[in-house]
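Step one of this worksheet: look at the structure below.
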Amino acid sequence: MSDRTLSRKMIPATKKRSQALDVWKRLRKSNSAIAGLILIFIFLCLAVFAPLIADYENDALKMNIIERLQSPGADHWFGTDEMGRDIFARIVYGTRISLFVGVISVSIALTLGGTLGAIAGYYGGKIDNIIMRTLDVLLAIPTILLAITIVAALGASILNLMIAVGISNIPGFARVVRAAVLSIKDQEFIEAARAIGSRDHTIILKHVLPNSMAPIIVFATLKVASAIMATASLSFIGLGIQPPTPEWGSMLAGGRAYIRDNMYIVLYPGLAIVLTVLSLNLIGDGLRDALDPKLK
Amino acid sequence: MIKYVIRRLMMLFPVMVGVIFLVFFIISLTPGDVATIILGDGATEERIKDLREELGLDDPLIVQYGNYMIDLVQGDMGKSYSTGLSVAGEIKQRFPNTFKLTITAIFLSVLISIPIGVISATRQYSIFDNIGMIVALIGISMPSFWTGLILIILFSLKLGWFPSGGMKGIMSLILPAFTLAIASTASITRTTRSSMLEVIRQDYITTAKAKGVSRRSVINKHALKNALIPAVTVIGLEFGVLLGGAVLTETVFSWPGIGRLMVESIQRKDTPMVLGCVIVFALSFSIVNLIIDILYAFIDPRIKSNYS
Amino acid sequence: MKGTVLKVENLAVRYVTEDGIVQAVNGIDISVEKGSTLGLVGETGAGKTTTALSVLRLIPDPPGEVVSGKIELDGKALMELPESKMEKIRGGLVSMIFQDPMTALNPVLKVGDQIAEAIKIHQQLSQDKALQKAREMLEMVGIPGARMNEYPHQFSGGMKQRVVIAIALSCSPKLLIADEPTTALDVTIQAQVLELMKELKEKMDMAMIMITHDLGVVAEVCDNVAIMYAGRIVEQGTLEEIFNNTKHPYTEGLFLSIPNIDDRKAELKPIRGLMSDPFNLPPGCSFCDRCDYAMDKCATEKPEKVHFSPDHFVECHLYPDNKEFQLKGGKG
């Protein structure tokens, strides 16, 4: 198919720097990726400027029985919950926790899983076998169930939550990094680095990883989304962030009993989860398409 | 073919032994003394000591694990700390409910997602495709417990079509199964579409067209079977997600399955019950993956011939 | 001459991509006589495959678009046919062999079924009869009939190409389009496959379009040759005329860039530069930048056809004023 391959082949021929630029150019063309970026930017702003938007102590934490279960209105944009706290304020502060836990737990998974995957992929053979078979054991337990088990054992706290979500995502990252390393390690510039006597860890960190970033970035973006979802899920069943700390999942758990007459109480915190996760998924999808223009 | 199945079965054993050890180890990290938890703070030293001995809690972890494995092989998963009932018995009673729920959900997912994925791919960038993909993306972004609550509000509290929870008849199955199915439907749709898009660009599709095969038959006969290979993998993975999701969905809908049992047991610090539930979940997941791998060999002759 | 099987007039095809418009084929005329073989020669990207796919109306759309052109196959105007009629023609009247046998067969279907499928569609046979015929086809291309129940991955590259040939010939087409059928094969297998195709072509009295960039293949199997460059046919004639009376500088360049077995000391003279950017073709002759004979007007004016015989023409500014012009290094 000589004519069709021609236009495709022209793309990867470009150099490193302009490659990043190319990716950005293609990303910018995708409406959905831009929508995702805007959404996540709004949530980041909410997280960073939360104290300017609402008072943590008074709006988000303090019980106010007189004002409980008020419908959305001018005073309380999203209404108040069963304790009379302002739902909007709690969602704003919840953003901080969700994004923080999402990013930190993915960092844990990326560091540990990435290291294991890089070692397995780079050295291959027996080491690869041992690491991957061990991770198969982790993979045999559905991610969220593994996280639930870990938190159940360690006790519910924000740190344990991050550890649990982080650990349960290790196998995924190990696999992605391993695949990326495998696809790059036999290329000639790696041979060249080895030939001039570079040490293994230098080769992995300086040559292999930077060149296998694309799939890892995409995967990490999507995993932050699922980590946020997992955080909310665990909190919902009482194993994550403990009340009264405002967290989206535990807000849903708290409001569950009141949905018959006050559906807004679960509507808005849920929408916050959906929109955050959606924005990250949009960005992840956009990045994947931008990094791999073949499928477009 | 039989060789392949046996080989895959053999691979299941070490993984399960590893899984049980891992879960056993994680749960042993639980702070606090189990005997004290069972007997309550008011118990005498003497009684606590006796119970520790009875449960073998003073043995090294590896010995406890060994004992557990020996019992497990005989179908004994210990006794519940909180009710004293047999864990295996309790799980046996609850498992069919979870099975019913998850099987219905995965069946729904596959039934909906494959046709939508195929149509989306064959009409790439059409309105159907664009809307379908947006809906699918929202679908994977919705937490199942929230979707469940919203469905309860709409279809149970407002419209009164379905019960809001419990397990009474087919009507009570619909909302939880649907809730559980949403995320996997969305994700299988996306995979089917993208693998279909990949496949219809292949040379052998052009060969088929050049033979005069009609458009419909190119899609149904030549493209779909190839596109199903990655889709089937995702169906297997999604089953894992679905089992995890069952924990939440069962909680939301008060569905008496092992997911809810597990959550209740965690709250009661009922370690043997939690352990039992996780093992059953992991085993179900592994068996599903085994089935998927076998299915794979049926679709893709390249795998089958590797083992015949 | 026993009549014309294929007549293509003023065919133009372009691909509309995000990065711009690729003018793949820019107004070409081809005709193929019954039982004869036309060689379509040119570099990668010259528009050969696009031309072939146009005849089958299989240009991927989007991004492909047939801008203009008339295609007449065995007296039928193909561009006007509805898709359902076109399906009857593909694989029946005309069939195609693809470049890469490794990817041209469906990996999940048995080869026997893949051959039988075409037979079933075009000859309305039962499954059993079609399979019987498929077995005969397989044996005709030199593969034991018993292997029809195997899958493509169980065959070697050369064998796969034989299967592809069996599929293409299963319904005795009037025209066979072979798109670089030997390029992806080992040299030793190339000769076998080529020999097989030649033999079957004679036997079935088909016309053939042989797409290739290998002038050796052309010399072996073709009666007529069309040289394609950047979507145009720059020179066309009988095999004899093209080889012995080369007129276009590009054709000359092609000959000079292949090793000469008789004179091993002769220096290879590759064509300098790369083909023009297909997104942005120059207003004049597309070969201008690489041509040793280029004149001022080559850059600005499209050359017209100049005929040397009823069959032999060239599109080059060297000739309208001086038909006797001789290329420097040419063979003629």
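Please note that chains go A, B, ... in the order of the structure tokens, that every chain numbers its residues from 1, and that ligands are numbered from 1 in the order shown.
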**OP:** Could you give me, as a list in words, the residues within 12 Å of Gly56 in chain B, counting only C-alpha atoms and dropping anything in the same chain fewer than 4 positions from it?
**Re:** Val34, Ala35, Lys49, Asp50, Leu51, Arg52, Pro60, Leu61, Ile62, Val63, Gln64, Tyr65, Gly66, Asn67, Tyr68 and Gly78 of chain B
Subject >> Residue hits in chain B, query chain C, radius 12 Å, only C-alpha atoms, as JSON, numbers by chain >> reply: {"B": [122, 123, 124, 125, 199, 200, 201, 202, 203, 204, 205, 206, 207, 208, 209, 210, 211, 212, 213, 214, 215, 216, 217, 218, 221, 222, 223, 224, 225, 226, 227, 228, 229, 296, 297, 298, 299, 300, 301, 302, 303, 304, 305, 306]}
Those selected residues, please, written with N, CA and C atoms and delivered as a tab-separated table (two decimals), in the first residue's frame.
chain	number	residue	atom	x	y	z
B	122	THR	N	-17.36	0.91	12.17
B	122	THR	CA	-17.63	0.92	10.74
B	122	THR	C	-18.16	2.28	10.29
B	123	ARG	N	-18.62	3.06	11.24
B	123	ARG	CA	-19.03	4.43	10.88
B	123	ARG	C	-18.22	5.43	11.67
B	124	GLN	N	-16.91	5.29	11.61
B	124	GLN	CA	-16.05	6.16	12.39
B	124	GLN	C	-16.38	7.63	12.11
B	125	TYR	N	-16.42	8.41	13.18
B	125	TYR	CA	-16.68	9.86	13.13
B	125	TYR	C	-18.11	10.21	12.73
B	199	VAL	N	-8.43	-3.53	12.78
B	199	VAL	CA	-8.58	-4.67	11.89
B	199	VAL	C	-9.04	-4.26	10.49
B	200	ILE	N	-10.00	-3.32	10.43
B	200	ILE	CA	-10.50	-3.01	9.08
B	200	ILE	C	-9.47	-2.27	8.23
B	201	ARG	N	-8.35	-1.91	8.80
B	201	ARG	CA	-7.27	-1.33	8.00
B	201	ARG	C	-6.29	-2.39	7.51
B	202	GLN	N	-6.49	-3.63	7.94
B	202	GLN	CA	-5.51	-4.66	7.59
B	202	GLN	C	-5.63	-5.07	6.13
B	203	ASP	N	-4.52	-5.56	5.62
B	203	ASP	CA	-4.48	-5.99	4.22
B	203	ASP	C	-5.49	-7.09	3.92
B	204	TYR	N	-5.68	-8.01	4.89
B	204	TYR	CA	-6.57	-9.12	4.56
B	204	TYR	C	-8.01	-8.68	4.40
B	205	ILE	N	-8.34	-7.53	4.95
B	205	ILE	CA	-9.69	-7.00	4.72
B	205	ILE	C	-9.80	-6.50	3.29
B	206	THR	N	-8.74	-5.85	2.81
B	206	THR	CA	-8.72	-5.45	1.40
B	206	THR	C	-8.78	-6.68	0.51
B	207	THR	N	-8.06	-7.73	0.89
B	207	THR	CA	-8.12	-8.98	0.11
B	207	THR	C	-9.56	-9.48	0.03
B	208	ALA	N	-10.23	-9.48	1.17
B	208	ALA	CA	-11.61	-9.97	1.20
B	208	ALA	C	-12.49	-9.11	0.29
B	209	LYS	N	-12.31	-7.79	0.37
B	209	LYS	CA	-13.12	-6.91	-0.48
B	209	LYS	C	-12.81	-7.18	-1.94
B	210	ALA	N	-11.53	-7.39	-2.23
B	210	ALA	CA	-11.12	-7.62	-3.61
B	210	ALA	C	-11.67	-8.92	-4.15
B	211	LYS	N	-12.04	-9.83	-3.26
B	211	LYS	CA	-12.65	-11.09	-3.69
B	211	LYS	C	-14.11	-10.89	-4.06
B	212	GLY	N	-14.67	-9.72	-3.69
B	212	GLY	CA	-16.07	-9.48	-3.96
B	212	GLY	C	-16.97	-9.78	-2.77
B	213	VAL	N	-16.38	-9.99	-1.60
B	213	VAL	CA	-17.17	-10.23	-0.40
B	213	VAL	C	-17.95	-8.95	-0.08
B	214	SER	N	-19.22	-9.12	0.27
B	214	SER	CA	-20.04	-7.94	0.53
B	214	SER	C	-19.59	-7.25	1.81
B	215	ARG	N	-19.94	-5.99	1.90
B	215	ARG	CA	-19.53	-5.17	3.02
B	215	ARG	C	-19.93	-5.79	4.36
B	216	ARG	N	-21.16	-6.25	4.40
B	216	ARG	CA	-21.67	-6.84	5.63
B	216	ARG	C	-20.86	-8.06	6.04
B	217	SER	N	-20.57	-8.90	5.04
B	217	SER	CA	-19.86	-10.12	5.34
B	217	SER	C	-18.39	-9.86	5.65
B	218	VAL	N	-17.83	-8.80	5.06
B	218	VAL	CA	-16.45	-8.42	5.41
B	218	VAL	C	-16.39	-8.11	6.90
B	221	LYS	N	-17.78	-11.53	9.03
B	221	LYS	CA	-17.02	-12.76	8.93
B	221	LYS	C	-15.51	-12.50	9.06
B	222	HIS	N	-15.02	-11.51	8.34
B	222	HIS	CA	-13.57	-11.33	8.31
B	222	HIS	C	-13.04	-10.45	9.42
B	223	ALA	N	-13.74	-9.36	9.70
B	223	ALA	CA	-13.19	-8.40	10.65
B	223	ALA	C	-13.53	-8.78	12.10
B	224	LEU	N	-14.78	-9.13	12.33
B	224	LEU	CA	-15.23	-9.30	13.72
B	224	LEU	C	-14.42	-10.35	14.48
B	225	LYS	N	-14.16	-11.47	13.83
B	225	LYS	CA	-13.47	-12.54	14.53
B	225	LYS	C	-12.08	-12.11	14.97
B	226	ASN	N	-11.42	-11.34	14.09
B	226	ASN	CA	-10.10	-10.83	14.47
B	226	ASN	C	-10.19	-9.78	15.56
B	227	ALA	N	-11.22	-8.93	15.45
B	227	ALA	CA	-11.36	-7.85	16.43
B	227	ALA	C	-11.74	-8.40	17.80
B	228	LEU	N	-12.36	-9.57	17.82
B	228	LEU	CA	-12.80	-10.14	19.09
B	228	LEU	C	-11.63	-10.57	19.97
B	229	ILE	N	-10.48	-10.83	19.35
B	229	ILE	CA	-9.35	-11.32	20.14
B	229	ILE	C	-8.99	-10.34	21.27
B	296	TYR	N	-10.02	-17.89	23.82
B	296	TYR	CA	-8.99	-17.29	22.99
B	296	TYR	C	-8.47	-18.27	21.97
B	297	ALA	N	-8.15	-19.48	22.47
B	297	ALA	CA	-7.58	-20.50	21.60
B	297	ALA	C	-8.60	-20.92	20.54
B	298	PHE	N	-9.88	-20.80	20.87
B	298	PHE	CA	-10.89	-21.14	19.89
B	298	PHE	C	-10.97	-20.09	18.80
B	299	ILE	N	-10.77	-18.84	19.17
B	299	ILE	CA	-10.88	-17.77	18.18
B	299	ILE	C	-9.61	-17.69	17.34
B	300	ASP	N	-8.48	-17.80	18.00
B	300	ASP	CA	-7.22	-17.55	17.31
B	300	ASP	C	-6.46	-18.85	17.08
B	301	PRO	N	-6.46	-19.33	15.83
B	301	PRO	CA	-5.82	-20.62	15.55
B	301	PRO	C	-4.32	-20.60	15.84
B	302	ARG	N	-3.71	-19.42	15.86
B	302	ARG	CA	-2.27	-19.36	16.10
B	302	ARG	C	-1.93	-19.84	17.51
B	303	ILE	N	-2.84	-19.58	18.46
B	303	ILE	CA	-2.60	-20.02	19.83
B	303	ILE	C	-2.82	-21.52	19.95
B	304	LYS	N	-3.90	-21.98	19.34
B	304	LYS	CA	-4.24	-23.38	19.43
B	304	LYS	C	-3.09	-24.25	18.93
B	305	SER	N	-2.53	-23.88	17.77
B	305	SER	CA	-1.54	-24.75	17.18
B	305	SER	C	-0.23	-24.75	17.98
B	306	ASN	N	-0.05	-23.75	18.84
B	306	ASN	CA	1.14	-23.75	19.68
B	306	ASN	C	1.13	-24.89	20.68
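Using only C-alpha atoms, the smallest distance between any of B:Ser86, B:Ser156, B:Ser164, B:Ser120 and Val252 in chain B comes from B:Ser164.
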Subject >> All residues 10 Å or closer to Gly114 in chain A, only C-alpha atoms, same chain fewer than 6 positions away omitted, as a list in words >> reply: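 My list of contacting residues is Ser107, Ile108, Ala120, Ile170, Pro171, Gly172, Phe173, Ala174, Arg175, Val176, Val177, Arg178, Leu209 and Ile216 of chain A.
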Residue selection dump (all heavy atoms) as a compact mmCIF listing (two decimals), in the first residue's frame:
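This is the output file part_9.txt:
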# COMPACT_ATOMS: atom_id res chain seq x y z
N SER A 107 1.78 7.86 42.22
CA SER A 107 3.24 8.00 42.31
C SER A 107 3.85 6.79 42.98
O SER A 107 4.91 6.30 42.57
CB SER A 107 3.61 9.25 43.11
OG SER A 107 2.93 10.36 42.60
N ILE A 108 3.19 6.31 44.05
CA ILE A 108 3.69 5.11 44.72
C ILE A 108 3.73 3.94 43.74
O ILE A 108 4.75 3.27 43.58
CB ILE A 108 2.78 4.74 45.92
CG1 ILE A 108 2.87 5.82 47.00
CG2 ILE A 108 3.17 3.38 46.49
CD1 ILE A 108 1.87 5.64 48.14
N ALA A 120 12.66 -5.91 35.33
CA ALA A 120 12.22 -7.13 34.66
C ALA A 120 12.46 -7.03 33.14
O ALA A 120 13.00 -7.94 32.53
CB ALA A 120 10.74 -7.38 34.93
N ILE A 170 0.43 -1.54 41.51
CA ILE A 170 1.80 -1.88 41.13
C ILE A 170 1.88 -2.80 39.90
O ILE A 170 2.62 -2.51 38.96
CB ILE A 170 2.56 -2.50 42.34
CG1 ILE A 170 2.91 -1.38 43.31
CG2 ILE A 170 3.82 -3.22 41.88
CD1 ILE A 170 3.62 -1.86 44.56
N PRO A 171 1.11 -3.89 39.88
CA PRO A 171 1.27 -4.80 38.74
C PRO A 171 1.00 -4.13 37.39
O PRO A 171 1.72 -4.37 36.43
CB PRO A 171 0.25 -5.90 39.00
CG PRO A 171 -0.18 -5.75 40.40
CD PRO A 171 0.12 -4.38 40.85
N GLY A 172 -0.01 -3.27 37.36
CA GLY A 172 -0.34 -2.58 36.12
C GLY A 172 0.84 -1.76 35.61
O GLY A 172 1.23 -1.85 34.45
N PHE A 173 1.42 -0.97 36.52
CA PHE A 173 2.54 -0.13 36.12
C PHE A 173 3.75 -0.98 35.73
O PHE A 173 4.46 -0.66 34.77
CB PHE A 173 2.91 0.86 37.23
CG PHE A 173 2.07 2.09 37.19
CD1 PHE A 173 0.93 2.20 37.96
CD2 PHE A 173 2.39 3.14 36.34
CE1 PHE A 173 0.13 3.32 37.91
CE2 PHE A 173 1.61 4.27 36.28
CZ PHE A 173 0.46 4.36 37.07
N ALA A 174 3.98 -2.05 36.48
CA ALA A 174 5.12 -2.92 36.16
C ALA A 174 4.98 -3.45 34.73
O ALA A 174 5.93 -3.44 33.95
CB ALA A 174 5.20 -4.06 37.16
N ARG A 175 3.76 -3.85 34.39
CA ARG A 175 3.55 -4.40 33.05
C ARG A 175 3.78 -3.36 31.96
O ARG A 175 4.43 -3.63 30.95
CB ARG A 175 2.12 -4.92 32.92
CG ARG A 175 1.94 -6.21 33.65
CD ARG A 175 0.66 -6.87 33.23
NE ARG A 175 0.74 -8.30 33.44
CZ ARG A 175 -0.15 -9.16 32.97
NH1 ARG A 175 -1.16 -8.72 32.27
NH2 ARG A 175 -0.02 -10.45 33.20
N VAL A 176 3.22 -2.17 32.17
CA VAL A 176 3.35 -1.14 31.14
C VAL A 176 4.80 -0.72 30.97
O VAL A 176 5.31 -0.62 29.85
CB VAL A 176 2.47 0.08 31.50
CG1 VAL A 176 2.77 1.24 30.58
CG2 VAL A 176 1.01 -0.29 31.40
N VAL A 177 5.50 -0.51 32.11
CA VAL A 177 6.89 -0.08 32.01
C VAL A 177 7.73 -1.20 31.39
O VAL A 177 8.58 -0.95 30.54
CB VAL A 177 7.43 0.32 33.39
CG1 VAL A 177 8.92 0.60 33.33
CG2 VAL A 177 6.69 1.55 33.90
N ARG A 178 7.46 -2.42 31.79
CA ARG A 178 8.23 -3.54 31.24
C ARG A 178 8.06 -3.60 29.72
O ARG A 178 9.04 -3.73 28.99
CB ARG A 178 7.75 -4.85 31.87
CG ARG A 178 8.38 -6.09 31.29
CD ARG A 178 7.95 -7.32 32.06
NE ARG A 178 8.43 -8.54 31.45
CZ ARG A 178 7.78 -9.22 30.52
NH1 ARG A 178 6.62 -8.76 30.07
NH2 ARG A 178 8.29 -10.31 30.01
N LEU A 209 14.26 4.81 29.94
CA LEU A 209 13.00 5.39 30.42
C LEU A 209 12.55 6.63 29.65
O LEU A 209 11.40 6.70 29.24
CB LEU A 209 13.09 5.67 31.93
CG LEU A 209 12.95 4.41 32.79
CD1 LEU A 209 13.01 4.77 34.27
CD2 LEU A 209 11.65 3.68 32.48
N ILE A 216 3.74 5.31 29.26
CA ILE A 216 3.69 5.40 30.71
C ILE A 216 2.89 6.63 31.15
O ILE A 216 2.07 6.56 32.06
CB ILE A 216 5.13 5.44 31.30
CG1 ILE A 216 5.87 4.16 30.89
CG2 ILE A 216 5.10 5.58 32.81
CD1 ILE A 216 7.33 4.15 31.22
Give me, as CSV, each residue of chain B that comes within 6 Å of chain A, together with its shortest interatomic pair and the distance in Å at one decimal, counting only C-alpha atoms, with rows ordered by chain and rising residue number.
residue,atom,partner,partner_atom,distance
B:Val15,CA,A:Val137,CA,5.3
B:Gly18,CA,A:Val137,CA,5.8
B:Val19,CA,A:Val137,CA,5.4
B:Ile27,CA,A:Ala153,CA,5.0
B:Leu29,CA,A:Ala153,CA,5.9
B:Thr30,CA,A:Ala153,CA,4.3
B:Ser141,CA,A:Leu278,CA,5.1
B:Met142,CA,A:Val274,CA,5.2
B:Trp146,CA,A:Gly270,CA,5.9
B:Gly240,CA,A:Pro142,CA,5.0
B:Gly244,CA,A:Leu145,CA,5.5
B:Ala282,CA,A:Ile141,CA,4.8
Subject >> At most 7 Å to chain A: residues in chain C, only C-alpha atoms, as a ChimeraX atom specification >> reply: /C:44-45,47,49-50
Original post:
When you draw a straight line from CA of Asp289 in chain A to CA of Thr17 in chain C, how long is it in Å?
Top reply: 15.6 Å
Original post:
Out of range 21-141 of chain B, which residues get helix (DSSP H, G or I) from DSSP, as a PyMOL selection string?
Top reply: chain B and resi 21-28+34-39+45-55+61-73+87-122+127-141
**OP:** Would you mind listing what lies within 10 Å of range 199-203 of chain C as a list in words, with only C-alpha atoms counted and same-chain residues fewer than 6 positions away left out?
**Re:** Gly35, Ser36, Thr37, Met140, Val141, Ile165, Leu169, Ser172, Lys174, Leu175, Leu176 and Val193 of chain C
**OP:** Please provide the set of residues having any atom within 6 Å of range 314-320 of chain C, restricted to only C-alpha atoms, with same-chain residues fewer than 5 positions apart removed, written as a list in words.
**Re:**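 Answer for this query is Val234, Glu235, Pro303, Glu304, Lys305 and Val306 of chain C.
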Okay, now the selection with C-alpha atoms, as a PDB file, in the first residue's frame?
ATOM      1  CA  VAL C 234       5.573   9.917 -17.900  1.00  0.00           C
ATOM      2  CA  GLU C 235       6.372   7.379 -20.574  1.00  0.00           C
ATOM      3  CA  PRO C 303       4.797  18.869 -20.386  1.00  0.00           C
ATOM      4  CA  GLU C 304       2.421  17.566 -23.060  1.00  0.00           C
ATOM      5  CA  LYS C 305       2.331  14.072 -24.502  1.00  0.00           C
ATOM      6  CA  VAL C 306       4.644  13.477 -27.429  1.00  0.00           C
TER       7      VAL C 306
END
Distance query Asn211 in chain A at most 12 Å, only C-alpha atoms, self and fewer than 5 positions along chain excluded, as a short mmCIF file (atom, residue, chain, number, x, y, z; two decimals) with all heavy atoms, in the first residue's frame:
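Full text of around.cif as output:
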data_model
loop_
_atom_site.label_atom_id
_atom_site.label_comp_id
_atom_site.auth_asym_id
_atom_site.auth_seq_id
_atom_site.Cartn_x
_atom_site.Cartn_y
_atom_site.Cartn_z
N LYS A 16 13.37 14.78 18.36
CA LYS A 16 12.84 14.69 19.71
C LYS A 16 12.05 15.93 20.16
O LYS A 16 10.90 15.84 20.54
CB LYS A 16 14.03 14.47 20.65
CG LYS A 16 13.65 13.94 22.00
CD LYS A 16 13.80 12.44 22.06
CE LYS A 16 12.52 11.81 22.34
NZ LYS A 16 11.95 11.43 23.41
N GLN A 19 9.03 16.62 18.49
CA GLN A 19 8.06 15.55 18.73
C GLN A 19 7.09 15.98 19.85
O GLN A 19 5.89 15.83 19.72
CB GLN A 19 8.79 14.29 19.14
CG GLN A 19 7.99 13.04 18.90
CD GLN A 19 8.76 11.80 19.28
OE1 GLN A 19 9.96 11.84 19.54
NE2 GLN A 19 8.09 10.69 19.34
N ALA A 20 7.67 16.54 20.91
CA ALA A 20 6.83 17.02 22.00
C ALA A 20 5.90 18.11 21.48
O ALA A 20 4.72 18.17 21.84
CB ALA A 20 7.70 17.55 23.13
N VAL A 177 5.50 -0.51 32.11
CA VAL A 177 6.89 -0.08 32.01
C VAL A 177 7.73 -1.20 31.39
O VAL A 177 8.58 -0.95 30.54
CB VAL A 177 7.43 0.32 33.39
CG1 VAL A 177 8.92 0.60 33.33
CG2 VAL A 177 6.69 1.55 33.90
N ALA A 180 7.23 -1.22 27.72
CA ALA A 180 7.88 -0.07 27.10
C ALA A 180 9.38 -0.28 27.03
O ALA A 180 10.03 0.00 26.01
CB ALA A 180 7.55 1.20 27.89
N VAL A 181 9.97 -0.80 28.11
CA VAL A 181 11.41 -1.04 28.14
C VAL A 181 11.79 -2.11 27.12
O VAL A 181 12.76 -1.96 26.38
CB VAL A 181 11.86 -1.45 29.57
CG1 VAL A 181 13.29 -1.96 29.55
CG2 VAL A 181 11.73 -0.27 30.51
N LEU A 182 11.00 -3.16 27.07
CA LEU A 182 11.29 -4.23 26.12
C LEU A 182 11.33 -3.71 24.69
O LEU A 182 12.17 -4.11 23.89
CB LEU A 182 10.22 -5.33 26.21
CG LEU A 182 10.40 -6.36 27.32
CD1 LEU A 182 9.27 -7.37 27.27
CD2 LEU A 182 11.74 -7.06 27.19
N SER A 183 10.42 -2.79 24.38
CA SER A 183 10.34 -2.32 23.01
C SER A 183 11.51 -1.41 22.66
O SER A 183 11.78 -1.13 21.51
CB SER A 183 9.02 -1.60 22.77
OG SER A 183 9.05 -0.35 23.41
N ILE A 184 12.21 -0.94 23.70
CA ILE A 184 13.25 0.04 23.41
C ILE A 184 14.65 -0.51 23.63
O ILE A 184 15.61 -0.08 23.04
CB ILE A 184 13.00 1.30 24.30
CG1 ILE A 184 13.28 2.55 23.50
CG2 ILE A 184 13.86 1.30 25.54
CD1 ILE A 184 12.05 3.27 23.10
N LYS A 185 14.75 -1.56 24.47
CA LYS A 185 16.10 -1.89 24.96
C LYS A 185 17.02 -2.49 23.90
O LYS A 185 18.22 -2.44 24.03
CB LYS A 185 16.00 -2.83 26.16
CG LYS A 185 15.69 -4.25 25.80
CD LYS A 185 16.14 -5.18 26.91
CE LYS A 185 15.94 -6.61 26.48
NZ LYS A 185 16.22 -7.57 27.52
N GLN A 187 17.18 -1.47 20.84
CA GLN A 187 17.48 -0.54 19.76
C GLN A 187 18.95 -0.13 19.82
O GLN A 187 19.61 -0.25 20.84
CB GLN A 187 16.56 0.68 19.85
CG GLN A 187 15.15 0.26 19.50
CD GLN A 187 14.21 1.41 19.33
OE1 GLN A 187 14.64 2.55 19.24
NE2 GLN A 187 12.93 1.13 19.28
N PHE A 189 20.71 2.63 19.83
CA PHE A 189 21.34 3.64 20.68
C PHE A 189 21.59 3.10 22.09
O PHE A 189 22.49 3.57 22.79
CB PHE A 189 20.57 4.96 20.69
CG PHE A 189 19.22 4.88 21.34
CD1 PHE A 189 19.06 5.25 22.67
CD2 PHE A 189 18.11 4.47 20.62
CE1 PHE A 189 17.81 5.19 23.26
CE2 PHE A 189 16.87 4.41 21.22
CZ PHE A 189 16.70 4.77 22.54
N ILE A 190 20.82 2.08 22.48
CA ILE A 190 21.06 1.46 23.78
C ILE A 190 22.33 0.59 23.69
O ILE A 190 23.20 0.62 24.56
CB ILE A 190 19.85 0.59 24.19
CG1 ILE A 190 18.58 1.42 24.24
CG2 ILE A 190 20.10 -0.08 25.53
CD1 ILE A 190 18.56 2.48 25.31
N ILE A 203 21.96 3.55 32.04
CA ILE A 203 21.29 3.29 30.77
C ILE A 203 19.78 3.30 30.96
O ILE A 203 19.04 3.94 30.21
CB ILE A 203 21.74 1.93 30.18
CG1 ILE A 203 23.22 2.00 29.83
CG2 ILE A 203 20.92 1.57 28.96
CD1 ILE A 203 23.78 0.71 29.29
N ILE A 204 19.33 2.63 32.03
CA ILE A 204 17.88 2.58 32.26
C ILE A 204 17.32 3.98 32.49
O ILE A 204 16.37 4.40 31.84
CB ILE A 204 17.55 1.68 33.47
CG1 ILE A 204 17.93 0.23 33.16
CG2 ILE A 204 16.05 1.76 33.81
CD1 ILE A 204 17.63 -0.74 34.29
N LEU A 205 17.96 4.73 33.39
CA LEU A 205 17.39 6.03 33.77
C LEU A 205 17.58 7.08 32.68
O LEU A 205 16.72 7.90 32.45
CB LEU A 205 18.01 6.52 35.07
CG LEU A 205 17.59 5.75 36.32
CD1 LEU A 205 18.32 6.26 37.55
CD2 LEU A 205 16.08 5.87 36.53
N LYS A 206 18.74 7.04 32.01
CA LYS A 206 19.02 8.13 31.07
C LYS A 206 18.56 7.84 29.65
O LYS A 206 18.25 8.74 28.89
CB LYS A 206 20.53 8.40 31.03
CG LYS A 206 20.98 9.34 32.13
CD LYS A 206 22.38 9.80 31.80
CE LYS A 206 22.57 11.27 32.04
NZ LYS A 206 23.99 11.63 32.06
N ILE A 216 3.74 5.31 29.26
CA ILE A 216 3.69 5.40 30.71
C ILE A 216 2.89 6.63 31.15
O ILE A 216 2.07 6.56 32.06
CB ILE A 216 5.13 5.44 31.30
CG1 ILE A 216 5.87 4.16 30.89
CG2 ILE A 216 5.10 5.58 32.81
CD1 ILE A 216 7.33 4.15 31.22
N ILE A 217 3.12 7.75 30.46
CA ILE A 217 2.37 8.97 30.79
C ILE A 217 0.87 8.75 30.60
O ILE A 217 0.06 9.08 31.46
CB ILE A 217 2.84 10.16 29.91
CG1 ILE A 217 4.27 10.54 30.29
CG2 ILE A 217 1.91 11.36 30.08
CD1 ILE A 217 4.87 11.57 29.37
#
**OP:** Considering only C-alpha atoms, return as a list in words whatever protein or nucleic-acid residues lie within 12 Å of Phe313 in chain C, sequence-local ones (same chain, fewer than 4 positions apart) excluded.
**Re:**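 That gives Asp29, Asn224, Val225, Ala226, Ile227, Ile233, Val234, Glu235, Gln236, Gly237, Thr238, Glu241, Ile242, Asn245, Thr246, Lys247, His248, Pro303, Glu304, Lys305, Val306, His307, Phe308, Ser309, Tyr319, Pro320 and Lys323 of chain C.
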